[in-house]
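S.K.: Before I ask anything, let me first share the structure, which is written out below as structure tokens.
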Amino acid sequence: MTDVYAGRAADALSRPFAVRGLTARNRIAMAPMTRQFSPNGVPGQDVADYYTRRAAGGVGLIITEGTYVDHHSAGTSDRIPRFHGAEALAGWADVADSVHRVGGAIIPQLWHVGVTRTEGAPPVADAEPVSPSGVSLAGAAKGRAMTQKDLDDVIGAFADAAAAAERAGFDGVELHGAHGYLIDQFLWSGTNRRTDAYGGDLVARTRFAAEIVAACRAAVSDAFPLFFRMSQWKMDAYEAKLAATPAELDALLTPLADAGVDVFHASTRRYWLPEFDDSDLNLAGWVKKISGRPTVTVGSVGLDGDFFSAFQGNGSGVTGIEQLLERLERDEFDMVAVGRALIADPEWAAKTLRGRTDEITPFGAEMLSTLR
């Protein structure tokens, strides 16, 4: 790395980021990545050490892996952490305290998998998959459509988890509204076929998400920020679109921003791809332009292959971030979330900020089998 490039990286990424009562020391976030190293849903010392290593390695904001809210159908594994129950919350409080001791900020991602739940799977084996309309991401019948009581119960579960996060010492929360999970199933016409107030046009389809946001906002203090993760693509529906035009994106974002979203985390597979025609803005750039809210970008940062290659057993080489810096320098977005590159190298942030990119460890798929 040249001195000029190293200086640009330091200048662009080292700026603090503040929203409500949260201040991250730089613009680098750790992206949420499901790791399944929490037996019975309880994060232990190894999980605390895992996140703390990344914070000690220079990450400004840790966004944890998805954690299940307290609803019987929320999860589909007993090794993915939950965000309810005394034992799990004590474990998460230890994680937050450990990250804070090395100067990092941390927020948990709150999650309900909806129709993607595997029937018969733990943590509640007899829990039926629930979703807006009882159809899978592929459009086949699965589980059942949610009743008003179901909706109210899930909204309450998210609000309770947000309040628990504040009590446990976290710096905010992120609501998982992306990738074809429950909140996103309401946003997407492919899975939301309801004819009541929670279905229909795009604005109506935002109602469930907006009610979750509003309930979380009411459950926490004014100092506690709410992040919202969103995506166009879904698992098994990679070409799906919530919004085909900027006008449709505006219709989606406005109710969520009005309900209390402070930061949008716009998930893409490759951050450098433009979202709409006639502009090179990526999804995070468009979301910021339309909503006026700060945004986080993500998608193969620092690597030459997207994350689906890891599922096929393939690694990814280290690549430069010149285009990322150009976009950050013009304030297209506000933070950069880094995923597999941080699994590979806990010191990715420090090495990038200090111009030591030739020392960065490349990602190998075998790294997913351990928590290091």
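Quick note on naming: the chains in the structure tokens go A, B, ... in the order shown, residues restart at 1 in each chain, and ligands are numbered from 1 in order of appearance.
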Please identify all polymer residues within 8 Å of stretch 56-70 of chain A, counting only C-alpha atoms, omitting same-chain residues fewer than 3 positions from it, and present them as an MDAnalysis selection string.

M.R.: chainID A and resid 24:35 51:53 74:75 80:84 99 102:112 154 157:158 161 174 176 346:350

S.K.: Can you tell me which residues surround A:Ser133 at a distance of at most 7 Å, considering only C-alpha atoms, apart from same-chain residues fewer than 3 positions away, and format the answer as a PyMOL selection string?

M.R.: chain A and resi 144-145+191-194

S.K.: Of the candidates A:Leu328, A:Leu342, A:Gly143, A:His72, which shows the shortest atom-to-atom distance to A:Asp11, using only C-alpha atoms?

M.R.: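 Between A:Leu328, A:Leu342, A:Gly143, A:His72, the residue approaching A:Asp11 most closely is A:Leu328.
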
S.K.: Any chance you could list, as a PDB file with N, CA, C and O atoms, in the first residue's frame, the residues in stretch 105-281 of chain A that come up helix (DSSP H, G or I) when DSSP is run on the backbone?

M.R.:
ATOM      1  N   GLY A 114     -39.133 -16.415  10.772  1.00  0.00           N
ATOM      2  CA  GLY A 114     -40.371 -16.566  10.026  1.00  0.00           C
ATOM      3  C   GLY A 114     -40.483 -17.895   9.321  1.00  0.00           C
ATOM      4  O   GLY A 114     -40.159 -18.953   9.880  1.00  0.00           O
ATOM      5  N   VAL A 115     -40.902 -17.860   8.063  1.00  0.00           N
ATOM      6  CA  VAL A 115     -41.202 -19.090   7.322  1.00  0.00           C
ATOM      7  C   VAL A 115     -39.962 -19.907   6.997  1.00  0.00           C
ATOM      8  O   VAL A 115     -40.068 -21.078   6.618  1.00  0.00           O
ATOM      9  N   THR A 116     -38.765 -19.334   7.140  1.00  0.00           N
ATOM     10  CA  THR A 116     -37.555 -20.104   6.854  1.00  0.00           C
ATOM     11  C   THR A 116     -37.202 -21.068   7.984  1.00  0.00           C
ATOM     12  O   THR A 116     -36.240 -21.829   7.854  1.00  0.00           O
ATOM     13  N   GLN A 148     -53.613 -11.743  14.215  1.00  0.00           N
ATOM     14  CA  GLN A 148     -53.306 -10.482  14.877  1.00  0.00           C
ATOM     15  C   GLN A 148     -52.583 -10.723  16.195  1.00  0.00           C
ATOM     16  O   GLN A 148     -51.667  -9.973  16.555  1.00  0.00           O
ATOM     17  N   LYS A 149     -52.973 -11.778  16.915  1.00  0.00           N
ATOM     18  CA  LYS A 149     -52.271 -12.091  18.166  1.00  0.00           C
ATOM     19  C   LYS A 149     -50.813 -12.438  17.899  1.00  0.00           C
ATOM     20  O   LYS A 149     -49.920 -12.013  18.648  1.00  0.00           O
ATOM     21  N   ASP A 150     -50.572 -13.209  16.843  1.00  0.00           N
ATOM     22  CA  ASP A 150     -49.184 -13.515  16.474  1.00  0.00           C
ATOM     23  C   ASP A 150     -48.401 -12.227  16.223  1.00  0.00           C
ATOM     24  O   ASP A 150     -47.259 -12.070  16.688  1.00  0.00           O
ATOM     25  N   LEU A 151     -48.992 -11.335  15.452  1.00  0.00           N
ATOM     26  CA  LEU A 151     -48.316 -10.079  15.133  1.00  0.00           C
ATOM     27  C   LEU A 151     -48.011  -9.298  16.402  1.00  0.00           C
ATOM     28  O   LEU A 151     -46.885  -8.814  16.594  1.00  0.00           O
ATOM     29  N   ASP A 152     -48.995  -9.198  17.274  1.00  0.00           N
ATOM     30  CA  ASP A 152     -48.796  -8.451  18.520  1.00  0.00           C
ATOM     31  C   ASP A 152     -47.723  -9.104  19.390  1.00  0.00           C
ATOM     32  O   ASP A 152     -46.902  -8.406  20.006  1.00  0.00           O
ATOM     33  N   ASP A 153     -47.715 -10.432  19.440  1.00  0.00           N
ATOM     34  CA  ASP A 153     -46.724 -11.143  20.250  1.00  0.00           C
ATOM     35  C   ASP A 153     -45.310 -10.897  19.729  1.00  0.00           C
ATOM     36  O   ASP A 153     -44.370 -10.686  20.516  1.00  0.00           O
ATOM     37  N   VAL A 154     -45.147 -10.929  18.420  1.00  0.00           N
ATOM     38  CA  VAL A 154     -43.811 -10.728  17.848  1.00  0.00           C
ATOM     39  C   VAL A 154     -43.367  -9.284  18.030  1.00  0.00           C
ATOM     40  O   VAL A 154     -42.196  -9.011  18.362  1.00  0.00           O
ATOM     41  N   ILE A 155     -44.265  -8.347  17.811  1.00  0.00           N
ATOM     42  CA  ILE A 155     -43.921  -6.931  18.036  1.00  0.00           C
ATOM     43  C   ILE A 155     -43.469  -6.733  19.479  1.00  0.00           C
ATOM     44  O   ILE A 155     -42.450  -6.082  19.747  1.00  0.00           O
ATOM     45  N   GLY A 156     -44.196  -7.325  20.417  1.00  0.00           N
ATOM     46  CA  GLY A 156     -43.808  -7.227  21.821  1.00  0.00           C
ATOM     47  C   GLY A 156     -42.480  -7.885  22.113  1.00  0.00           C
ATOM     48  O   GLY A 156     -41.691  -7.380  22.933  1.00  0.00           O
ATOM     49  N   ALA A 157     -42.200  -9.001  21.437  1.00  0.00           N
ATOM     50  CA  ALA A 157     -40.924  -9.701  21.656  1.00  0.00           C
ATOM     51  C   ALA A 157     -39.743  -8.858  21.195  1.00  0.00           C
ATOM     52  O   ALA A 157     -38.697  -8.808  21.864  1.00  0.00           O
ATOM     53  N   PHE A 158     -39.879  -8.176  20.067  1.00  0.00           N
ATOM     54  CA  PHE A 158     -38.804  -7.289  19.612  1.00  0.00           C
ATOM     55  C   PHE A 158     -38.615  -6.128  20.588  1.00  0.00           C
ATOM     56  O   PHE A 158     -37.475  -5.772  20.928  1.00  0.00           O
ATOM     57  N   ALA A 159     -39.715  -5.540  21.045  1.00  0.00           N
ATOM     58  CA  ALA A 159     -39.607  -4.420  21.981  1.00  0.00           C
ATOM     59  C   ALA A 159     -38.966  -4.858  23.294  1.00  0.00           C
ATOM     60  O   ALA A 159     -38.113  -4.151  23.858  1.00  0.00           O
ATOM     61  N   ASP A 160     -39.353  -6.041  23.783  1.00  0.00           N
ATOM     62  CA  ASP A 160     -38.757  -6.550  25.028  1.00  0.00           C
ATOM     63  C   ASP A 160     -37.254  -6.776  24.850  1.00  0.00           C
ATOM     64  O   ASP A 160     -36.464  -6.495  25.770  1.00  0.00           O
ATOM     65  N   ALA A 161     -36.855  -7.289  23.694  1.00  0.00           N
ATOM     66  CA  ALA A 161     -35.434  -7.538  23.454  1.00  0.00           C
ATOM     67  C   ALA A 161     -34.655  -6.235  23.362  1.00  0.00           C
ATOM     68  O   ALA A 161     -33.518  -6.136  23.857  1.00  0.00           O
ATOM     69  N   ALA A 162     -35.236  -5.229  22.736  1.00  0.00           N
ATOM     70  CA  ALA A 162     -34.559  -3.932  22.654  1.00  0.00           C
ATOM     71  C   ALA A 162     -34.348  -3.350  24.045  1.00  0.00           C
ATOM     72  O   ALA A 162     -33.257  -2.845  24.369  1.00  0.00           O
ATOM     73  N   ALA A 163     -35.387  -3.426  24.887  1.00  0.00           N
ATOM     74  CA  ALA A 163     -35.251  -2.921  26.261  1.00  0.00           C
ATOM     75  C   ALA A 163     -34.207  -3.714  27.036  1.00  0.00           C
ATOM     76  O   ALA A 163     -33.416  -3.145  27.804  1.00  0.00           O
ATOM     77  N   ALA A 164     -34.184  -5.041  26.822  1.00  0.00           N
ATOM     78  CA  ALA A 164     -33.196  -5.886  27.496  1.00  0.00           C
ATOM     79  C   ALA A 164     -31.785  -5.525  27.057  1.00  0.00           C
ATOM     80  O   ALA A 164     -30.841  -5.554  27.861  1.00  0.00           O
ATOM     81  N   ALA A 165     -31.621  -5.182  25.781  1.00  0.00           N
ATOM     82  CA  ALA A 165     -30.295  -4.797  25.282  1.00  0.00           C
ATOM     83  C   ALA A 165     -29.804  -3.529  25.960  1.00  0.00           C
ATOM     84  O   ALA A 165     -28.629  -3.420  26.327  1.00  0.00           O
ATOM     85  N   GLU A 166     -30.694  -2.579  26.146  1.00  0.00           N
ATOM     86  CA  GLU A 166     -30.277  -1.352  26.827  1.00  0.00           C
ATOM     87  C   GLU A 166     -29.907  -1.642  28.280  1.00  0.00           C
ATOM     88  O   GLU A 166     -28.891  -1.151  28.777  1.00  0.00           O
ATOM     89  N   ARG A 167     -30.707  -2.470  28.943  1.00  0.00           N
ATOM     90  CA  ARG A 167     -30.386  -2.813  30.337  1.00  0.00           C
ATOM     91  C   ARG A 167     -29.062  -3.556  30.440  1.00  0.00           C
ATOM     92  O   ARG A 167     -28.342  -3.424  31.437  1.00  0.00           O
ATOM     93  N   LEU A 182     -38.474 -12.897   8.736  1.00  0.00           N
ATOM     94  CA  LEU A 182     -39.867 -12.545   8.972  1.00  0.00           C
ATOM     95  C   LEU A 182     -40.222 -11.107   8.593  1.00  0.00           C
ATOM     96  O   LEU A 182     -41.196 -10.877   7.867  1.00  0.00           O
ATOM     97  N   ILE A 183     -39.480 -10.130   9.108  1.00  0.00           N
ATOM     98  CA  ILE A 183     -39.837  -8.747   8.800  1.00  0.00           C
ATOM     99  C   ILE A 183     -39.804  -8.525   7.296  1.00  0.00           C
ATOM    100  O   ILE A 183     -40.703  -7.898   6.717  1.00  0.00           O
ATOM    101  N   ASP A 184     -38.793  -9.055   6.641  1.00  0.00           N
ATOM    102  CA  ASP A 184     -38.659  -8.902   5.190  1.00  0.00           C
ATOM    103  C   ASP A 184     -39.767  -9.645   4.448  1.00  0.00           C
ATOM    104  O   ASP A 184     -40.171  -9.232   3.349  1.00  0.00           O
ATOM    105  N   GLN A 185     -40.262 -10.731   5.017  1.00  0.00           N
ATOM    106  CA  GLN A 185     -41.361 -11.463   4.386  1.00  0.00           C
ATOM    107  C   GLN A 185     -42.611 -10.600   4.286  1.00  0.00           C
ATOM    108  O   GLN A 185     -43.406 -10.759   3.353  1.00  0.00           O
ATOM    109  N   PHE A 186     -42.793  -9.697   5.234  1.00  0.00           N
ATOM    110  CA  PHE A 186     -43.908  -8.753   5.140  1.00  0.00           C
ATOM    111  C   PHE A 186     -43.633  -7.678   4.100  1.00  0.00           C
ATOM    112  O   PHE A 186     -44.548  -7.231   3.400  1.00  0.00           O
ATOM    113  N   LEU A 187     -42.386  -7.260   3.962  1.00  0.00           N
ATOM    114  CA  LEU A 187     -42.055  -6.201   3.016  1.00  0.00           C
ATOM    115  C   LEU A 187     -42.148  -6.652   1.570  1.00  0.00           C
ATOM    116  O   LEU A 187     -42.437  -5.844   0.678  1.00  0.00           O
ATOM    117  N   LEU A 202     -46.973  -1.403  -1.404  1.00  0.00           N
ATOM    118  CA  LEU A 202     -45.692  -1.384  -0.697  1.00  0.00           C
ATOM    119  C   LEU A 202     -45.796  -0.669   0.644  1.00  0.00           C
ATOM    120  O   LEU A 202     -45.232  -1.121   1.655  1.00  0.00           O
ATOM    121  N   VAL A 203     -46.525   0.420   0.704  1.00  0.00           N
ATOM    122  CA  VAL A 203     -46.665   1.143   1.975  1.00  0.00           C
ATOM    123  C   VAL A 203     -47.377   0.275   2.999  1.00  0.00           C
ATOM    124  O   VAL A 203     -46.963   0.201   4.173  1.00  0.00           O
ATOM    125  N   ALA A 204     -48.431  -0.419   2.594  1.00  0.00           N
ATOM    126  CA  ALA A 204     -49.143  -1.295   3.523  1.00  0.00           C
ATOM    127  C   ALA A 204     -48.246  -2.424   4.010  1.00  0.00           C
ATOM    128  O   ALA A 204     -48.314  -2.819   5.183  1.00  0.00           O
ATOM    129  N   ARG A 205     -47.379  -2.902   3.136  1.00  0.00           N
ATOM    130  CA  ARG A 205     -46.500  -4.007   3.520  1.00  0.00           C
ATOM    131  C   ARG A 205     -45.427  -3.575   4.522  1.00  0.00           C
ATOM    132  O   ARG A 205     -44.792  -4.410   5.150  1.00  0.00           O
ATOM    133  N   ARG A 207     -46.169  -1.908   7.212  1.00  0.00           N
ATOM    134  CA  ARG A 207     -46.830  -1.625   8.490  1.00  0.00           C
ATOM    135  C   ARG A 207     -46.262  -2.463   9.633  1.00  0.00           C
ATOM    136  O   ARG A 207     -45.999  -1.939  10.727  1.00  0.00           O
ATOM    137  N   PHE A 208     -46.083  -3.763   9.411  1.00  0.00           N
ATOM    138  CA  PHE A 208     -45.569  -4.633  10.467  1.00  0.00           C
ATOM    139  C   PHE A 208     -44.184  -4.177  10.909  1.00  0.00           C
ATOM    140  O   PHE A 208     -43.904  -4.040  12.104  1.00  0.00           O
ATOM    141  N   ALA A 209     -43.297  -3.919   9.954  1.00  0.00           N
ATOM    142  CA  ALA A 209     -41.950  -3.456  10.288  1.00  0.00           C
ATOM    143  C   ALA A 209     -42.003  -2.140  11.039  1.00  0.00           C
ATOM    144  O   ALA A 209     -41.298  -1.937  12.042  1.00  0.00           O
ATOM    145  N   ALA A 210     -42.848  -1.214  10.578  1.00  0.00           N
ATOM    146  CA  ALA A 210     -42.938   0.093  11.228  1.00  0.00           C
ATOM    147  C   ALA A 210     -43.476  -0.033  12.647  1.00  0.00           C
ATOM    148  O   ALA A 210     -43.043   0.700  13.557  1.00  0.00           O
ATOM    149  N   GLU A 211     -44.405  -0.952  12.870  1.00  0.00           N
ATOM    150  CA  GLU A 211     -44.928  -1.141  14.223  1.00  0.00           C
ATOM    151  C   GLU A 211     -43.870  -1.748  15.143  1.00  0.00           C
ATOM    152  O   GLU A 211     -43.812  -1.409  16.331  1.00  0.00           O
ATOM    153  N   ILE A 212     -43.027  -2.616  14.623  1.00  0.00           N
ATOM    154  CA  ILE A 212     -41.917  -3.134  15.422  1.00  0.00           C
ATOM    155  C   ILE A 212     -40.955  -2.000  15.785  1.00  0.00           C
ATOM    156  O   ILE A 212     -40.532  -1.859  16.940  1.00  0.00           O
ATOM    157  N   VAL A 213     -40.599  -1.194  14.789  1.00  0.00           N
ATOM    158  CA  VAL A 213     -39.695  -0.069  15.052  1.00  0.00           C
ATOM    159  C   VAL A 213     -40.282   0.856  16.114  1.00  0.00           C
ATOM    160  O   VAL A 213     -39.608   1.244  17.072  1.00  0.00           O
ATOM    161  N   ALA A 214     -41.552   1.216  15.957  1.00  0.00           N
ATOM    162  CA  ALA A 214     -42.185   2.136  16.903  1.00  0.00           C
ATOM    163  C   ALA A 214     -42.240   1.544  18.309  1.00  0.00           C
ATOM    164  O   ALA A 214     -42.014   2.257  19.301  1.00  0.00           O
ATOM    165  N   ALA A 215     -42.514   0.248  18.410  1.00  0.00           N
ATOM    166  CA  ALA A 215     -42.568  -0.396  19.725  1.00  0.00           C
ATOM    167  C   ALA A 215     -41.185  -0.424  20.373  1.00  0.00           C
ATOM    168  O   ALA A 215     -41.051  -0.201  21.584  1.00  0.00           O
ATOM    169  N   CYS A 216     -40.166  -0.668  19.585  1.00  0.00           N
ATOM    170  CA  CYS A 216     -38.798  -0.644  20.117  1.00  0.00           C
ATOM    171  C   CYS A 216     -38.414   0.765  20.544  1.00  0.00           C
ATOM    172  O   CYS A 216     -37.802   0.956  21.608  1.00  0.00           O
ATOM    173  N   ARG A 217     -38.774   1.749  19.732  1.00  0.00           N
ATOM    174  CA  ARG A 217     -38.460   3.142  20.080  1.00  0.00           C
ATOM    175  C   ARG A 217     -39.101   3.521  21.408  1.00  0.00           C
ATOM    176  O   ARG A 217     -38.502   4.210  22.246  1.00  0.00           O
ATOM    177  N   ALA A 218     -40.344   3.057  21.632  1.00  0.00           N
ATOM    178  CA  ALA A 218     -41.047   3.377  22.871  1.00  0.00           C
ATOM    179  C   ALA A 218     -40.477   2.636  24.071  1.00  0.00           C
ATOM    180  O   ALA A 218     -40.647   3.072  25.214  1.00  0.00           O
ATOM    181  N   ALA A 219     -39.776   1.521  23.820  1.00  0.00           N
ATOM    182  CA  ALA A 219     -39.284   0.674  24.907  1.00  0.00           C
ATOM    183  C   ALA A 219     -37.900   1.072  25.403  1.00  0.00           C
ATOM    184  O   ALA A 219     -37.438   0.546  26.423  1.00  0.00           O
ATOM    185  N   PRO A 246     -36.318   4.378  -7.527  1.00  0.00           N
ATOM    186  CA  PRO A 246     -36.144   5.240  -6.353  1.00  0.00           C
ATOM    187  C   PRO A 246     -37.469   5.637  -5.717  1.00  0.00           C
ATOM    188  O   PRO A 246     -37.551   5.756  -4.486  1.00  0.00           O
ATOM    189  N   ALA A 247     -38.512   5.844  -6.511  1.00  0.00           N
ATOM    190  CA  ALA A 247     -39.811   6.217  -5.948  1.00  0.00           C
ATOM    191  C   ALA A 247     -40.364   5.105  -5.070  1.00  0.00           C
ATOM    192  O   ALA A 247     -40.935   5.364  -3.993  1.00  0.00           O
ATOM    193  N   GLU A 248     -40.212   3.866  -5.496  1.00  0.00           N
ATOM    194  CA  GLU A 248     -40.668   2.749  -4.672  1.00  0.00           C
ATOM    195  C   GLU A 248     -39.824   2.624  -3.413  1.00  0.00           C
ATOM    196  O   GLU A 248     -40.352   2.303  -2.332  1.00  0.00           O
ATOM    197  N   LEU A 249     -38.532   2.888  -3.520  1.00  0.00           N
ATOM    198  CA  LEU A 249     -37.677   2.852  -2.331  1.00  0.00           C
ATOM    199  C   LEU A 249     -38.106   3.923  -1.339  1.00  0.00           C
ATOM    200  O   LEU A 249     -38.122   3.682  -0.117  1.00  0.00           O
ATOM    201  N   ASP A 250     -38.483   5.086  -1.830  1.00  0.00           N
ATOM    202  CA  ASP A 250     -38.986   6.156  -0.974  1.00  0.00           C
ATOM    203  C   ASP A 250     -40.246   5.705  -0.225  1.00  0.00           C
ATOM    204  O   ASP A 250     -40.394   5.930   0.984  1.00  0.00           O
ATOM    205  N   ALA A 251     -41.150   5.022  -0.932  1.00  0.00           N
ATOM    206  CA  ALA A 251     -42.381   4.531  -0.300  1.00  0.00           C
ATOM    207  C   ALA A 251     -42.084   3.535   0.805  1.00  0.00           C
ATOM    208  O   ALA A 251     -42.791   3.479   1.817  1.00  0.00           O
ATOM    209  N   LEU A 252     -41.031   2.747   0.632  1.00  0.00           N
ATOM    210  CA  LEU A 252     -40.626   1.766   1.635  1.00  0.00           C
ATOM    211  C   LEU A 252     -39.968   2.430   2.840  1.00  0.00           C
ATOM    212  O   LEU A 252     -40.259   2.105   3.995  1.00  0.00           O
ATOM    213  N   LEU A 253     -39.083   3.366   2.588  1.00  0.00           N
ATOM    214  CA  LEU A 253     -38.256   3.931   3.654  1.00  0.00           C
ATOM    215  C   LEU A 253     -39.006   4.921   4.532  1.00  0.00           C
ATOM    216  O   LEU A 253     -38.763   4.985   5.751  1.00  0.00           O
ATOM    217  N   THR A 254     -39.902   5.700   3.958  1.00  0.00           N
ATOM    218  CA  THR A 254     -40.537   6.785   4.705  1.00  0.00           C
ATOM    219  C   THR A 254     -41.272   6.298   5.953  1.00  0.00           C
ATOM    220  O   THR A 254     -41.077   6.858   7.050  1.00  0.00           O
ATOM    221  N   PRO A 255     -42.104   5.256   5.872  1.00  0.00           N
ATOM    222  CA  PRO A 255     -42.775   4.807   7.105  1.00  0.00           C
ATOM    223  C   PRO A 255     -41.800   4.291   8.158  1.00  0.00           C
ATOM    224  O   PRO A 255     -42.038   4.454   9.358  1.00  0.00           O
ATOM    225  N   LEU A 256     -40.707   3.677   7.732  1.00  0.00           N
ATOM    226  CA  LEU A 256     -39.732   3.145   8.678  1.00  0.00           C
ATOM    227  C   LEU A 256     -38.963   4.272   9.362  1.00  0.00           C
ATOM    228  O   LEU A 256     -38.750   4.250  10.582  1.00  0.00           O
ATOM    229  N   ALA A 257     -38.566   5.263   8.581  1.00  0.00           N
ATOM    230  CA  ALA A 257     -37.876   6.409   9.168  1.00  0.00           C
ATOM    231  C   ALA A 257     -38.809   7.166  10.116  1.00  0.00           C
ATOM    232  O   ALA A 257     -38.416   7.565  11.215  1.00  0.00           O
ATOM    233  N   ASP A 258     -40.058   7.341   9.695  1.00  0.00           N
ATOM    234  CA  ASP A 258     -41.016   8.047  10.550  1.00  0.00           C
ATOM    235  C   ASP A 258     -41.270   7.291  11.858  1.00  0.00           C
ATOM    236  O   ASP A 258     -41.531   7.904  12.903  1.00  0.00           O
ATOM    237  N   ALA A 259     -41.183   5.960  11.811  1.00  0.00           N
ATOM    238  CA  ALA A 259     -41.426   5.147  13.007  1.00  0.00           C
ATOM    239  C   ALA A 259     -40.277   5.201  13.991  1.00  0.00           C
ATOM    240  O   ALA A 259     -40.458   4.866  15.166  1.00  0.00           O
TER     241      ALA A 259
END

S.K.: Between atom CA of A:Glu128 and atom CA of A:Asp78, what is the distance in Å, rounded to a tenth?

M.R.: 15.8 Å

S.K.: Mind listing the strand (DSSP E or B) residues of stretch 68-179 of chain A, per DSSP on the backbone, as a list in words?

M.R.: Tyr68, Arg82, Ala105, Ile106, Ile107, Pro108, Gln109, Leu110, Trp111, Val130, Ser131, Val135, Ala141, Arg144, Ala145, Val173, Glu174, Leu175, His176, Gly177, Ala178 and His179 of chain A

S.K.: Figure out the distance between atom CA of A:Arg117 and atom CA of A:Thr76, please, to one decimal in Å.

M.R.: 5.1 Å

S.K.: Quote the spacing between atom CA of A:Phe276 and atom CA of A:Arg8 in Å to one decimal place.

M.R.: 27.8 Å
